[in-house]
Structures are given as C-alpha cells and as structure tokens.
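Source file: my_file38.cif; contents: mmCIF, C-alpha atoms (C1' of nucleotides).
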```
data_coords
loop_
_atom_site.label_atom_id
_atom_site.label_comp_id
_atom_site.auth_asym_id
_atom_site.auth_seq_id
_atom_site.Cartn_x
_atom_site.Cartn_y
_atom_site.Cartn_z
CA MET A 1 -49.40 -18.96 -47.07
CA ASN A 2 -52.05 -16.95 -45.29
CA GLU A 3 -54.83 -15.58 -47.46
CA GLY A 4 -54.68 -12.23 -45.68
CA VAL A 5 -51.26 -11.44 -47.17
CA GLU A 6 -52.85 -10.69 -50.53
CA TRP A 7 -55.54 -8.54 -48.96
CA ALA A 8 -53.01 -6.65 -46.88
CA MET A 9 -50.82 -5.84 -49.87
CA HIS A 10 -53.68 -4.55 -51.99
CA SER A 11 -54.97 -2.54 -49.07
CA CYS A 12 -51.55 -0.99 -48.51
CA VAL A 13 -51.34 0.01 -52.17
CA ASN A 14 -54.75 1.64 -51.87
CA LEU A 15 -53.69 3.43 -48.72
CA SER A 16 -50.57 4.69 -50.48
CA TRP A 17 -52.88 6.66 -52.76
CA LEU A 18 -54.65 8.27 -49.82
CA PRO A 19 -51.75 9.75 -47.87
CA GLY A 20 -52.52 11.27 -44.48
CA GLN A 21 -56.09 10.04 -44.62
CA ALA A 22 -57.58 7.49 -42.24
CA VAL A 23 -59.59 4.82 -44.07
CA THR A 24 -61.80 2.43 -42.15
CA ALA A 25 -61.55 -1.35 -42.47
CA LYS A 26 -65.11 -1.31 -43.72
CA HIS A 27 -64.22 0.89 -46.68
CA LEU A 28 -61.05 -1.02 -47.46
CA ALA A 29 -63.06 -4.25 -47.45
CA ALA A 30 -65.65 -2.72 -49.78
CA PHE A 31 -62.98 -2.26 -52.46
CA TYR A 32 -62.78 -5.99 -53.18
CA ASP A 33 -65.88 -7.29 -51.42
CA LEU A 34 -63.91 -8.83 -48.56
CA PRO A 35 -65.27 -9.87 -45.14
CA THR A 36 -64.87 -6.72 -43.08
CA ALA A 37 -64.16 -8.28 -39.69
CA TYR A 38 -61.52 -10.63 -41.02
CA LEU A 39 -59.74 -7.94 -43.00
CA ASN A 40 -59.80 -5.88 -39.83
CA LYS A 41 -57.93 -8.70 -38.13
CA GLN A 42 -55.19 -8.56 -40.74
CA LEU A 43 -54.96 -4.78 -40.54
CA GLN A 44 -54.52 -5.12 -36.79
CA ALA A 45 -51.53 -7.34 -37.42
CA LEU A 46 -50.05 -4.70 -39.72
CA SER A 47 -50.69 -2.12 -37.04
CA ARG A 48 -48.91 -4.22 -34.40
CA ALA A 49 -45.98 -4.56 -36.80
CA GLY A 50 -45.76 -0.78 -37.14
CA ILE A 51 -46.69 -0.77 -40.83
CA LEU A 52 -50.03 0.94 -40.30
CA SER A 53 -51.18 3.40 -37.68
CA SER A 54 -54.71 3.06 -36.39
CA THR A 55 -57.12 5.64 -35.02
CA SER A 56 -60.28 4.82 -33.09
CA GLY A 57 -63.60 6.56 -33.03
CA PRO A 58 -65.41 8.56 -35.71
CA LYS A 59 -63.17 9.78 -38.52
CA GLY A 60 -60.88 6.94 -37.43
CA GLY A 61 -59.33 4.18 -39.52
CA PHE A 62 -55.97 3.02 -40.83
CA GLN A 63 -53.21 4.76 -42.71
CA LEU A 64 -49.63 3.99 -43.61
CA ALA A 65 -47.39 4.52 -40.60
CA ARG A 66 -44.38 5.44 -42.76
CA ASP A 67 -43.41 6.24 -46.30
CA ALA A 68 -44.55 3.61 -48.80
CA ARG A 69 -40.98 3.33 -50.05
CA LYS A 70 -40.00 2.04 -46.62
CA ILE A 71 -42.63 -0.73 -46.59
CA SER A 72 -41.38 -3.85 -48.32
CA LEU A 73 -43.48 -6.81 -49.38
CA LEU A 74 -41.42 -8.88 -46.95
CA ASP A 75 -42.53 -6.62 -44.09
CA ILE A 76 -46.14 -7.45 -44.88
CA VAL A 77 -45.52 -11.18 -45.23
CA VAL A 78 -43.71 -11.24 -41.90
CA ALA A 79 -46.43 -9.20 -40.20
CA ILE A 80 -49.24 -11.48 -41.39
CA ASP A 81 -47.63 -14.88 -41.74
CA GLY A 82 -44.97 -14.66 -39.05
CA ALA A 83 -41.20 -14.56 -39.28
CA ASP A 84 -40.66 -18.32 -39.21
CA ASP A 85 -39.14 -19.97 -42.26
CA ALA A 86 -41.35 -22.33 -44.22
CA PHE A 87 -38.80 -25.12 -43.86
CA ARG A 88 -38.20 -25.84 -40.21
CA CYS A 89 -35.13 -27.97 -39.38
CA THR A 90 -36.01 -30.28 -36.51
CA GLU A 91 -32.46 -31.57 -36.21
CA ILE A 92 -33.32 -35.18 -36.77
CA LEU A 93 -29.60 -35.78 -37.14
CA LYS A 94 -29.40 -35.49 -33.35
CA ALA A 95 -31.14 -38.89 -33.21
CA GLY A 96 -28.85 -40.31 -35.89
CA PRO A 97 -26.07 -42.89 -35.48
CA ALA A 98 -23.06 -40.53 -35.43
CA ALA A 99 -24.74 -37.62 -33.68
CA ASN A 100 -23.01 -35.01 -31.57
CA PRO A 101 -25.43 -33.55 -28.99
CA LYS A 102 -23.49 -30.29 -28.87
CA THR A 103 -23.73 -29.63 -32.59
CA ASP A 104 -26.24 -27.07 -33.83
CA TYR A 105 -27.55 -29.00 -36.79
CA VAL A 106 -29.78 -26.13 -37.85
CA LYS A 107 -26.61 -24.38 -38.98
CA THR A 108 -24.34 -27.30 -39.86
CA CYS A 109 -26.71 -29.73 -41.61
CA HIS A 110 -26.21 -29.22 -45.32
CA ILE A 111 -29.87 -29.82 -46.09
CA SER A 112 -30.87 -27.16 -43.60
CA ARG A 113 -28.27 -24.86 -45.12
CA ALA A 114 -29.55 -25.36 -48.65
CA MET A 115 -33.16 -24.76 -47.67
CA ARG A 116 -32.26 -21.66 -45.67
CA ALA A 117 -30.19 -20.32 -48.55
CA ALA A 118 -33.15 -20.74 -50.90
CA GLU A 119 -35.51 -18.98 -48.53
CA LEU A 120 -32.95 -16.23 -48.12
CA THR A 121 -33.08 -15.44 -51.83
CA TYR A 122 -36.86 -15.48 -51.61
CA ARG A 123 -36.89 -13.03 -48.74
CA ARG A 124 -34.23 -10.88 -50.35
CA GLU A 125 -36.40 -10.60 -53.46
CA LEU A 126 -39.44 -9.61 -51.44
CA ALA A 127 -37.42 -7.17 -49.35
CA GLY A 128 -36.33 -5.42 -52.55
CA GLN A 129 -39.90 -4.62 -53.60
CA SER A 130 -41.73 -1.84 -51.76
CA ILE A 131 -45.36 -0.82 -51.78
CA ALA A 132 -44.25 2.35 -53.56
CA ASP A 133 -42.65 0.26 -56.31
CA ILE A 134 -45.89 -1.65 -56.84
CA ALA A 135 -47.89 1.54 -56.80
CA GLU A 136 -45.58 3.08 -59.38
CA GLN A 137 -45.93 0.06 -61.68
CA VAL A 138 -49.71 0.30 -61.46
CA LEU A 139 -49.52 4.04 -62.07
CA THR A 140 -47.54 3.51 -65.24
CA GLU A 141 -50.12 1.09 -66.59
CA PHE A 142 -53.22 2.90 -65.31
CA PRO A 143 -52.48 6.63 -64.76
CA ALA A 144 -56.03 7.20 -63.54
CA ALA A 145 -55.84 4.58 -60.80
CA PRO A 146 -55.19 6.93 -57.84
CA GLN A 147 -58.01 9.28 -58.80
CA ASN A 148 -60.33 6.32 -59.41
CA THR A 149 -59.73 4.94 -55.94
CA ARG A 150 -60.29 8.35 -54.38
CA THR A 151 -63.59 8.87 -56.16
CA HIS A 152 -64.65 5.30 -55.43
CA LEU A 153 -63.93 5.88 -51.76
CA ALA A 154 -65.87 9.15 -51.84
CA ASN A 155 -68.88 7.38 -53.33
CA LEU A 156 -68.74 4.78 -50.57
CA LYS A 157 -69.06 7.50 -47.95
CA SER A 158 -72.54 8.35 -49.20
CA MET B 1 -44.06 -26.59 -44.98
CA ASN B 2 -44.68 -30.25 -44.46
CA GLU B 3 -42.50 -31.95 -41.86
CA GLY B 4 -41.96 -34.95 -44.13
CA VAL B 5 -39.86 -32.90 -46.55
CA GLU B 6 -36.94 -32.95 -44.12
CA TRP B 7 -37.30 -36.69 -43.53
CA ALA B 8 -37.52 -37.39 -47.25
CA MET B 9 -34.36 -35.43 -48.03
CA HIS B 10 -32.30 -37.13 -45.34
CA SER B 11 -33.63 -40.51 -46.41
CA CYS B 12 -32.71 -39.81 -50.02
CA VAL B 13 -29.16 -38.88 -49.01
CA ASN B 14 -28.91 -42.13 -47.08
CA LEU B 15 -30.25 -44.07 -50.05
CA SER B 16 -27.67 -42.39 -52.28
CA TRP B 17 -25.00 -44.21 -50.27
CA LEU B 18 -26.67 -47.57 -50.78
CA PRO B 19 -26.97 -47.72 -54.57
CA GLY B 20 -28.92 -50.61 -56.05
CA GLN B 21 -29.99 -51.78 -52.61
CA ALA B 22 -33.60 -51.84 -51.41
CA VAL B 23 -33.98 -50.40 -47.91
CA THR B 24 -37.21 -50.82 -46.00
CA ALA B 25 -39.12 -47.91 -44.51
CA LYS B 26 -38.59 -49.51 -41.14
CA HIS B 27 -34.81 -49.30 -41.47
CA LEU B 28 -34.86 -45.77 -42.88
CA ALA B 29 -37.03 -44.71 -39.95
CA ALA B 30 -34.63 -46.33 -37.49
CA PHE B 31 -31.85 -43.99 -38.65
CA TYR B 32 -33.42 -40.98 -36.96
CA ASP B 33 -36.01 -42.61 -34.70
CA LEU B 34 -38.93 -41.55 -36.90
CA PRO B 35 -42.46 -43.04 -36.86
CA THR B 36 -42.23 -45.84 -39.41
CA ALA B 37 -45.74 -45.73 -40.81
CA TYR B 38 -45.68 -41.99 -41.37
CA LEU B 39 -42.29 -42.01 -43.03
CA ASN B 40 -43.63 -44.80 -45.22
CA LYS B 41 -46.39 -42.42 -46.32
CA GLN B 42 -43.84 -39.84 -47.41
CA LEU B 43 -41.76 -42.44 -49.24
CA GLN B 44 -44.90 -43.48 -51.08
CA ALA B 45 -45.28 -39.92 -52.29
CA LEU B 46 -41.69 -39.96 -53.54
CA SER B 47 -42.43 -43.24 -55.27
CA ARG B 48 -45.51 -41.82 -56.98
CA ALA B 49 -43.40 -38.88 -58.15
CA GLY B 50 -40.88 -41.25 -59.73
CA ILE B 51 -38.07 -40.30 -57.36
CA LEU B 52 -37.93 -43.66 -55.61
CA SER B 53 -38.75 -47.13 -56.86
CA SER B 54 -40.47 -49.48 -54.45
CA THR B 55 -40.38 -53.26 -54.16
CA SER B 56 -42.86 -55.31 -52.15
CA GLY B 57 -42.37 -58.49 -50.18
CA PRO B 58 -39.31 -59.89 -48.41
CA LYS B 59 -36.03 -58.25 -49.45
CA GLY B 60 -38.21 -55.40 -50.64
CA GLY B 61 -37.94 -51.70 -49.86
CA PHE B 62 -37.11 -48.37 -51.49
CA GLN B 63 -34.22 -47.20 -53.60
CA LEU B 64 -33.44 -44.20 -55.75
CA ALA B 65 -35.23 -44.48 -59.08
CA ARG B 66 -32.56 -42.50 -60.91
CA ASP B 67 -29.13 -41.03 -60.47
CA ALA B 68 -28.81 -38.81 -57.39
CA ARG B 69 -27.50 -36.02 -59.58
CA LYS B 70 -30.86 -35.97 -61.35
CA ILE B 71 -32.86 -35.57 -58.12
CA SER B 72 -33.14 -31.94 -57.07
CA LEU B 73 -34.31 -30.66 -53.73
CA LEU B 74 -37.19 -29.02 -55.58
CA ASP B 75 -38.29 -32.42 -56.87
CA ILE B 76 -38.65 -33.62 -53.29
CA VAL B 77 -40.46 -30.50 -52.10
CA VAL B 78 -42.92 -30.77 -54.98
CA ALA B 79 -43.46 -34.49 -54.38
CA ILE B 80 -44.22 -34.05 -50.67
CA ASP B 81 -45.70 -30.56 -50.43
CA GLY B 82 -47.36 -30.30 -53.82
CA ALA B 83 -46.60 -28.05 -56.77
CA ASP B 84 -48.77 -25.14 -55.69
CA ASP B 85 -47.09 -21.83 -54.92
CA ALA B 86 -47.17 -20.65 -51.34
CA PHE B 87 -48.74 -17.35 -52.39
CA ARG B 88 -52.01 -17.99 -54.16
CA CYS B 89 -53.48 -15.07 -56.09
CA THR B 90 -57.26 -15.15 -55.69
CA GLU B 91 -57.76 -12.30 -58.13
CA ILE B 92 -59.54 -10.03 -55.70
CA LEU B 93 -59.08 -7.30 -58.30
CA LYS B 94 -61.93 -8.94 -60.22
CA ALA B 95 -64.25 -7.63 -57.49
CA GLY B 96 -62.62 -4.19 -57.56
CA PRO B 97 -64.08 -0.95 -58.90
CA ALA B 98 -62.36 -0.85 -62.31
CA ALA B 99 -62.28 -4.58 -62.93
CA ASN B 100 -62.23 -6.28 -66.30
CA PRO B 101 -63.75 -9.78 -66.09
CA LYS B 102 -61.70 -10.99 -69.03
CA THR B 103 -58.36 -10.03 -67.50
CA ASP B 104 -56.21 -12.80 -66.00
CA TYR B 105 -55.12 -10.98 -62.87
CA VAL B 106 -52.90 -13.87 -61.81
CA LYS B 107 -50.54 -12.75 -64.56
CA THR B 108 -51.24 -9.03 -64.80
CA CYS B 109 -51.59 -8.00 -61.15
CA HIS B 110 -48.26 -6.52 -60.12
CA ILE B 111 -48.48 -7.94 -56.62
CA SER B 112 -49.07 -11.40 -58.00
CA ARG B 113 -46.15 -10.87 -60.35
CA ALA B 114 -43.79 -9.82 -57.59
CA MET B 115 -44.72 -12.75 -55.39
CA ARG B 116 -44.38 -15.21 -58.22
CA ALA B 117 -41.02 -13.76 -59.18
CA ALA B 118 -39.79 -14.23 -55.62
CA GLU B 119 -40.99 -17.80 -55.49
CA LEU B 120 -39.36 -18.41 -58.84
CA THR B 121 -35.94 -17.52 -57.43
CA TYR B 122 -36.68 -19.79 -54.49
CA ARG B 123 -37.55 -22.71 -56.73
CA ARG B 124 -34.63 -22.01 -59.01
CA GLU B 125 -32.28 -22.17 -56.05
CA LEU B 126 -33.75 -25.48 -54.90
CA ALA B 127 -33.71 -26.89 -58.42
CA GLY B 128 -29.99 -26.15 -58.62
CA GLN B 129 -29.16 -28.35 -55.65
CA SER B 130 -29.26 -32.11 -56.12
CA ILE B 131 -29.15 -34.95 -53.62
CA ALA B 132 -25.72 -35.79 -55.04
CA ASP B 133 -24.54 -32.26 -54.25
CA ILE B 134 -25.66 -32.58 -50.65
CA ALA B 135 -24.09 -36.03 -50.38
CA GLU B 136 -20.82 -34.68 -51.72
CA GLN B 137 -20.81 -31.83 -49.21
CA VAL B 138 -21.37 -34.29 -46.38
CA LEU B 139 -18.66 -36.55 -47.79
CA THR B 140 -16.15 -33.71 -47.78
CA GLU B 141 -16.84 -32.97 -44.13
CA PHE B 142 -17.24 -36.57 -42.96
CA PRO B 143 -15.40 -38.96 -45.30
CA ALA B 144 -16.52 -41.94 -43.25
CA ALA B 145 -20.21 -41.14 -43.52
CA PRO B 146 -21.12 -43.62 -46.29
CA GLN B 147 -19.36 -46.53 -44.60
CA ASN B 148 -20.91 -45.56 -41.26
CA THR B 149 -24.40 -45.67 -42.69
CA ARG B 150 -23.74 -49.03 -44.31
CA THR B 151 -22.47 -50.60 -41.10
CA HIS B 152 -25.28 -49.01 -39.12
CA LEU B 153 -27.77 -50.52 -41.54
CA ALA B 154 -26.05 -53.90 -41.28
CA ASN B 155 -26.31 -53.80 -37.50
CA LEU B 156 -30.02 -53.06 -37.76
CA LYS B 157 -30.56 -56.20 -39.79
CA SER B 158 -29.49 -58.35 -36.84
"C1'" DG C 1 -31.23 -85.63 -56.14
"C1'" DT C 2 -34.26 -82.64 -58.64
"C1'" DT C 3 -38.32 -80.12 -59.29
"C1'" DA C 4 -42.58 -78.10 -58.56
"C1'" DA C 5 -46.32 -76.70 -55.71
"C1'" DT C 6 -47.54 -74.75 -51.38
"C1'" DC C 7 -46.96 -72.03 -47.40
"C1'" DT C 8 -45.27 -68.36 -44.71
"C1'" DA C 9 -43.55 -64.13 -43.39
"C1'" DC C 10 -42.54 -59.72 -44.77
"C1'" DT C 11 -43.17 -55.47 -47.59
"C1'" DC C 12 -45.63 -51.58 -49.57
"C1'" DG C 13 -50.20 -49.25 -50.23
"C1'" DG C 14 -54.22 -47.05 -49.16
"C1'" DA C 15 -58.04 -46.28 -45.90
"C1'" DT C 16 -59.06 -44.56 -41.30
"C1'" DA C 17 -59.00 -41.24 -36.70
"C1'" DG C 18 -56.92 -37.00 -34.07
"C1'" DC C 19 -55.23 -32.36 -33.69
"C1'" DC C 20 -53.69 -27.67 -34.64
"C1'" DA C 21 -53.31 -23.42 -37.32
"C1'" DG C 22 -55.96 -20.67 -40.36
"C1'" DT C 23 -60.72 -18.88 -41.21
"C1'" DG C 24 -64.63 -16.42 -40.01
"C1'" DT C 25 -67.56 -13.92 -36.76
"C1'" DC C 26 -69.03 -11.37 -32.85
"C1'" DC C 27 -69.38 -7.99 -29.09
"C1'" DG C 28 -67.02 -4.69 -25.82
"C1'" DA C 29 -63.57 -0.62 -24.64
"C1'" DG C 30 -62.19 3.69 -26.21
"C1'" DT C 31 -62.63 7.96 -28.72
"C1'" DA C 32 -63.72 12.12 -31.17
"C1'" DA C 33 -67.28 14.58 -33.32
"C1'" DG C 34 -71.71 16.90 -32.75
"C1'" DG C 35 -75.38 18.92 -30.19
"C1'" DG C 36 -77.23 21.13 -26.07
"C1'" DC C 37 -76.86 24.16 -22.22
"C1'" DG C 38 -75.19 27.75 -19.43
"C1'" DG C 39 -72.73 32.06 -19.05
"C1'" DC D 1 -72.41 34.99 -29.23
"C1'" DC D 2 -68.91 31.89 -27.06
"C1'" DG D 3 -67.24 28.10 -24.50
"C1'" DC D 4 -67.87 23.90 -21.82
"C1'" DC D 5 -70.02 19.47 -21.03
"C1'" DC D 6 -72.65 15.54 -22.23
"C1'" DT D 7 -74.47 12.38 -25.32
"C1'" DT D 8 -73.91 9.53 -29.14
"C1'" DA D 9 -72.43 6.96 -32.76
"C1'" DC D 10 -68.61 5.02 -34.72
"C1'" DT D 11 -64.01 2.82 -34.73
"C1'" DC D 12 -60.52 -0.50 -33.50
"C1'" DG D 13 -59.25 -4.47 -30.50
"C1'" DG D 14 -59.40 -8.81 -28.71
"C1'" DA D 15 -62.19 -13.01 -27.38
"C1'" DC D 16 -65.05 -16.87 -29.20
"C1'" DA D 17 -66.65 -20.99 -32.71
"C1'" DC D 18 -65.69 -23.67 -37.11
"C1'" DT D 19 -63.07 -25.98 -40.82
"C1'" DG D 20 -59.39 -28.10 -43.76
"C1'" DG D 21 -55.05 -30.03 -44.00
"C1'" DC D 22 -51.17 -32.06 -41.65
"C1'" DT D 23 -50.02 -35.72 -38.31
"C1'" DA D 24 -50.23 -40.28 -36.88
"C1'" DT D 25 -51.78 -45.06 -37.07
"C1'" DC D 26 -53.58 -49.46 -38.60
"C1'" DC D 27 -54.75 -53.40 -41.41
"C1'" DG D 28 -55.09 -55.59 -46.12
"C1'" DA D 29 -53.09 -56.88 -51.04
"C1'" DG D 30 -49.14 -58.62 -53.11
"C1'" DT D 31 -44.70 -60.88 -53.42
"C1'" DA D 32 -40.38 -63.45 -52.98
"C1'" DG D 33 -38.16 -66.80 -50.54
"C1'" DA D 34 -38.31 -71.16 -47.75
"C1'" DT D 35 -40.22 -75.59 -46.93
"C1'" DT D 36 -42.02 -79.92 -48.18
"C1'" DA D 37 -43.44 -83.62 -50.76
"C1'" DA D 38 -43.62 -86.23 -54.95
"C1'" DC D 39 -41.13 -88.18 -58.88
#
```
structure tokens encoding of this file:
Amino acid sequence: MNEGVEWAMHSCVNLSWLPGQAVTAKHLAAFYDLPTAYLNKQLQALSRAGILSSTSGPKGGFQLARDARKISLLDIVVAIDGADDAFRCTEILKAGPAANPKTDYVKTCHISRAMRAAELTYRRELAGQSIADIAEQVLTEFPAAPQNTRTHLANLKS
Amino acid sequence: MNEGVEWAMHSCVNLSWLPGQAVTAKHLAAFYDLPTAYLNKQLQALSRAGILSSTSGPKGGFQLARDARKISLLDIVVAIDGADDAFRCTEILKAGPAANPKTDYVKTCHISRAMRAAELTYRRELAGQSIADIAEQVLTEFPAAPQNTRTHLANLKS
DNA sequence: GTTAATCTACTCGGATAGCCAGTGTCCGAGTAAGGGCGG
DNA sequence: CCGCCCTTACTCGGACACTGGCTATCCGAGTAGATTAAC
C-alpha cells in the first residue's frame, strides 16, 4: 500500500483540529518532518477526491472539505491508492479446458468470490471508521492534543 | 497483489482433484495457458512454505503437501505475497511535536490500530476458507469437474 | 535369465534481465494580501 | 482621509527523473527410469 496513505490520515486528523483554517502543505509536512513536495502530491489527490478543499495564494492551504464524521478511512485509502481491489481476477478460467467465453468469471469463479468477499469485509471495516472517530480516540487519551497542535502550528508561523 | 496468487490458488484446486499424484509445472501451466517458468517460480514458493511437496526428475512434479482442508487461502497469499501487512506504519508520530521515543506507535497509534484491525478481519476471512471449501463449491456447481481435469491432464500426457 | 552399472532424458531450483508503478523533486500558473498613488 | 490599482510574494498544480519490486526467462543440479552388458 502507498506510503502516502499514512501521511494523509495523520494530516486529516490534524486538520480536524483546525476547523475552518487553511493550513499549507509546508506546515503539515513540518509536523512529522515529511518531504513537503511529496506530501503536497498526496494532498492534491485528497483534494481531487473532494475530501479536502484547497486555496491558492497567500493565506492559502488545505482544509477539510466536509465534516470529519463524513470522512472515512476508506475514503482516504481510495483517494490515495485507487479504488481497485488488491486481488485482481484475470479470468484465467477463460483459457481453461471447459471454458465458456460468455461467462463473467470475475463474478462466478469461486476463488474470485472468496477474495472479493474478504476485501469487502476489509473495506466495510475501514468505511466504519471516520477521521472524527480517530480524533475522538486521541482526544480521550491526550486531552491536550488539539491545543498542542494549534500552538505548534502557531510557533511554525514565526 | 501479486498476480501469481490467482495462479497458485487455481493450481492448488486442480491438485486437490489429483491426490497423491505428482503434476509437473508444465502441465499445470497448460491448464490455463500460463508461462511455465513463471508459474514454476510461484509453485516453488508454495513448496518452500510447506503447502506443496516437490519431486525432481522423471515422473516428478508437485502435489499437495497436506490435506486440502488444512490449506487456507491465507496460507497461499502469505506464501506468494509475503506476510507483511499492506498498511505499514512507519511511526511518523515519533517525529511529531509531542513524541515519546520509547513509545511503540505501531501498537498505540489509533490510525495504525484501525488499519491493522481492518486487515485482521481480511485475514480472518481468508483463513476461514480452505482449498477444500473452494473445491467443494466448484463440485456442487460442476459435478464433472474433477473427472474433466483428470482426462484433460491425461490428454496432455500424449 | 538375472543383476548391476551406466546413460539418458526429464524435473525442479535458483540466478539472471526487463518493465512499470510508486517515490521524490522541481518549476510554472494563479491568487490574495499589502503597499503606493491619485483623488 | 478614502478608494483603486499595481506589485509582490506565496500557494497549489502538474510535469519531469529515479528506484525497487514484480514480471518473465533461461540454464544448471539432481533424480528416476531405461538400456546394455556381463555373469
């Protein structure tokens, strides 16, 4: 899986603590000492997917495009890594001895079915977790986290 | 995900219908018109993982190393694709503002937790499906499948 | 006829190239703030 | 003093190299059977 998925998720959690405020890729990268340009690339992908909204120019940056409760971890994975399943059925049965050219083996092959069922549970699990859920878990463990990120961001501005 | 996973699973199902018989990589590849040498590479991986047993020389080949009910789809995925999770936590929190160097963020970071939980359901689903289960599903739909594969293999020998 | 040694052909096994997606970086188009100028 | 315009600096956005792993292939080590020759 793409490295940027992790960065994107952490960045989204940070952004959830700065509602209505545009944060530049440079500042978001400074949080975890990430390469600015490459993180920017990932944030662009989130922007194209409608998860973030971007603003150009001075005072510009990224912010969450919708409520953090409406942004699931699956949304981020799909935005960064693409919507394709990890297991890709190439329908090798079509070249088999008793093959029917009209059959859609992606749906009928039992191996393809089993793999797709497993990935479905995976995606369902990720779809059930939102950025707000993660943020709330962190908040429970570290109540000062939001304020810490805000002050840290303010210090970066200097 | 590695292409060979699909080939390996289909080959294992075929082998489950030829118990106690060594089938060469060449013949297994002929089933679905696959590149022989590359399929051989995947079968080697299954052999190293203890899923298949290999025999060299004339009358040699591959066969299931244990009962098909004891071979899960997860076993095959791990053998071909490796045991690493798709999502790899790089502990970027260690470079964060309020980081504790002694903390194992792979286990404490809530994002890492959520991703690992999702993958766990995925692996659990795959671990619950065996080659024998798949073979039985195919058998229910196509009762003649085992005999067809045997005759097809016999024709290849000529 | 029986047996044992040799030979042969066939198999797996690992070592060797080629290619594509992910990784990393850079510079240009667009924009909004800030300053200067005129009224 | 107020408002408009221009400059400027800063941001995102996409275009350009580089790398590691997957894909694909080949030839060598090892083995079991077949052949042959001797007893």
Q.
Since I can't run it myself right now, could you work out what the PyMOL selection byres ((chain C) within 10 of (chain A)) selects here and report it as a ChimeraX atom specification?
A. /C:22-26,30-33
Q: Using only C-alpha atoms (C1' of nucleotides), determine which residues of chain D fall within 7 Å of chain A; present them as a PyMOL selection string.
A: chain D and resi 10-12
Any chance you can output those residues with C-alpha atoms (C1' of nucleotides) as a PDB file, in the coordinates of the input?
```
ATOM      1  C1'  DC D  10     -68.610   5.020 -34.720  1.00  0.00           C
ATOM      2  C1'  DT D  11     -64.010   2.820 -34.730  1.00  0.00           C
ATOM      3  C1'  DC D  12     -60.520  -0.500 -33.500  1.00  0.00           C
TER       4       DC D  12
END
```
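Candidate residues A:Ala144, A:Leu156, A:Ile111, A:Ala22 were compared for distance to chain B, and the nearest is A:Ile111, using only C-alpha atoms.
What the PyMOL selection byres ((chain D and resi 36) around 12) picks from this file is DT3, DA4, DA5, DT6 and DC7 of chain C; DA34, DT35, DA37 and DA38 of chain D.
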Q | For CA of Glu119 in chain B and CA of Tyr122 in chain A, the interatomic separation in Å (one decimal) | A | 6.1 Å
**Q.** Pick from B:Asn155, B:Thr103, B:Thr121, B:Ser16, whichever lies nearest to chain A using all atoms listed in the file
**A.** B:Thr121
Taking only residues of chain B that have an atom at most 7 Å from an atom of chain A, what is each one's shortest atom pair and its distance in Å to one decimal, using only C-alpha atoms, in chain and number order, as a tab-separated table?
```
residue	atom	partner	partner_atom	distance
B:Met1	CA	A:Ala86	CA	5.1
B:Phe31	CA	A:Gly96	CA	5.5
B:Tyr32	CA	A:Gly96	CA	4.7
B:Asp33	CA	A:Ala95	CA	6.3
B:Ala86	CA	A:Met1	CA	5.1
B:Phe87	CA	A:Met1	CA	5.6
B:Ile92	CA	A:Tyr32	CA	5.8
B:Leu93	CA	A:Tyr32	CA	6.5
B:Ala95	CA	A:Tyr32	CA	4.8
B:Gly96	CA	A:Tyr32	CA	4.7
B:Pro97	CA	A:Phe31	CA	6.7
B:His110	CA	A:Ile134	CA	6.3
B:Ile111	CA	A:Ile134	CA	6.8
B:Ala118	CA	A:Tyr122	CA	5.1
B:Glu119	CA	A:Tyr122	CA	6.1
B:Thr121	CA	A:Tyr122	CA	6.2
B:Tyr122	CA	A:Ala118	CA	5.1
B:Glu125	CA	A:Ala118	CA	5.4
B:Leu126	CA	A:Ala118	CA	6.2
B:Ile134	CA	A:His110	CA	6.3
```
Which residues fall under the PyMOL selection byres ((chain D and resi 29) around 9) in this file, as a compact mmCIF listing (two decimals) with C-alpha atoms (C1' of nucleotides), in the coordinates of the input?
```txt
# COMPACT_ATOMS: atom_id res chain seq x y z
C1' DG C 13 -50.20 -49.25 -50.23
C1' DG D 28 -55.09 -55.59 -46.12
C1' DG D 30 -49.14 -58.62 -53.11
```
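The two atoms in question, CA of Ala154 in chain B and CA of Arg48 in chain B, are spaced 27.8 Å apart.
The gap separating CA of Leu15 in chain A from CA of Asp84 in chain A is 27.1 Å, in Å to one decimal.
Proximity of B:Leu46, B:Leu39, B:His27, B:Leu64 to DT25 in chain D, computed with only C-alpha atoms (C1' of nucleotides), is greatest for B:Leu39.
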How about completing range 121-135 of chain B with N, CA and C atoms and giving it to me as a short mmCIF file (atom, residue, chain, number, x, y, z; two decimals), keeping the file's coordinate frame?
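Okay, this is what ended up in part_21.cif:
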```cif
data_model
loop_
_atom_site.label_atom_id
_atom_site.label_comp_id
_atom_site.auth_asym_id
_atom_site.auth_seq_id
_atom_site.Cartn_x
_atom_site.Cartn_y
_atom_site.Cartn_z
N THR B 121 -37.34 -17.46 -57.85
CA THR B 121 -35.94 -17.52 -57.43
C THR B 121 -35.75 -18.61 -56.39
N TYR B 122 -36.74 -18.75 -55.52
CA TYR B 122 -36.68 -19.79 -54.49
C TYR B 122 -36.60 -21.18 -55.13
N ARG B 123 -37.51 -21.41 -56.08
CA ARG B 123 -37.55 -22.71 -56.73
C ARG B 123 -36.30 -22.94 -57.58
N ARG B 124 -35.83 -21.87 -58.19
CA ARG B 124 -34.63 -22.01 -59.01
C ARG B 124 -33.44 -22.42 -58.14
N GLU B 125 -33.38 -21.83 -56.96
CA GLU B 125 -32.28 -22.17 -56.05
C GLU B 125 -32.37 -23.64 -55.63
N LEU B 126 -33.58 -24.09 -55.32
CA LEU B 126 -33.75 -25.48 -54.90
C LEU B 126 -33.51 -26.43 -56.06
N ALA B 127 -33.90 -26.03 -57.26
CA ALA B 127 -33.71 -26.89 -58.42
C ALA B 127 -32.23 -27.05 -58.76
N GLY B 128 -31.42 -26.09 -58.32
CA GLY B 128 -29.99 -26.15 -58.62
C GLY B 128 -29.20 -27.02 -57.67
N GLN B 129 -29.85 -27.49 -56.62
CA GLN B 129 -29.16 -28.35 -55.65
C GLN B 129 -29.70 -29.77 -55.78
N SER B 130 -28.83 -30.72 -56.00
CA SER B 130 -29.26 -32.11 -56.12
C SER B 130 -28.88 -32.90 -54.86
N ILE B 131 -29.50 -34.06 -54.74
CA ILE B 131 -29.15 -34.95 -53.62
C ILE B 131 -27.67 -35.30 -53.68
N ALA B 132 -27.14 -35.47 -54.90
CA ALA B 132 -25.72 -35.79 -55.04
C ALA B 132 -24.86 -34.64 -54.52
N ASP B 133 -25.29 -33.40 -54.76
CA ASP B 133 -24.54 -32.26 -54.25
C ASP B 133 -24.48 -32.29 -52.73
N ILE B 134 -25.62 -32.50 -52.12
CA ILE B 134 -25.66 -32.58 -50.65
C ILE B 134 -24.75 -33.71 -50.16
N ALA B 135 -24.89 -34.87 -50.79
CA ALA B 135 -24.09 -36.03 -50.38
C ALA B 135 -22.60 -35.72 -50.49
#
```
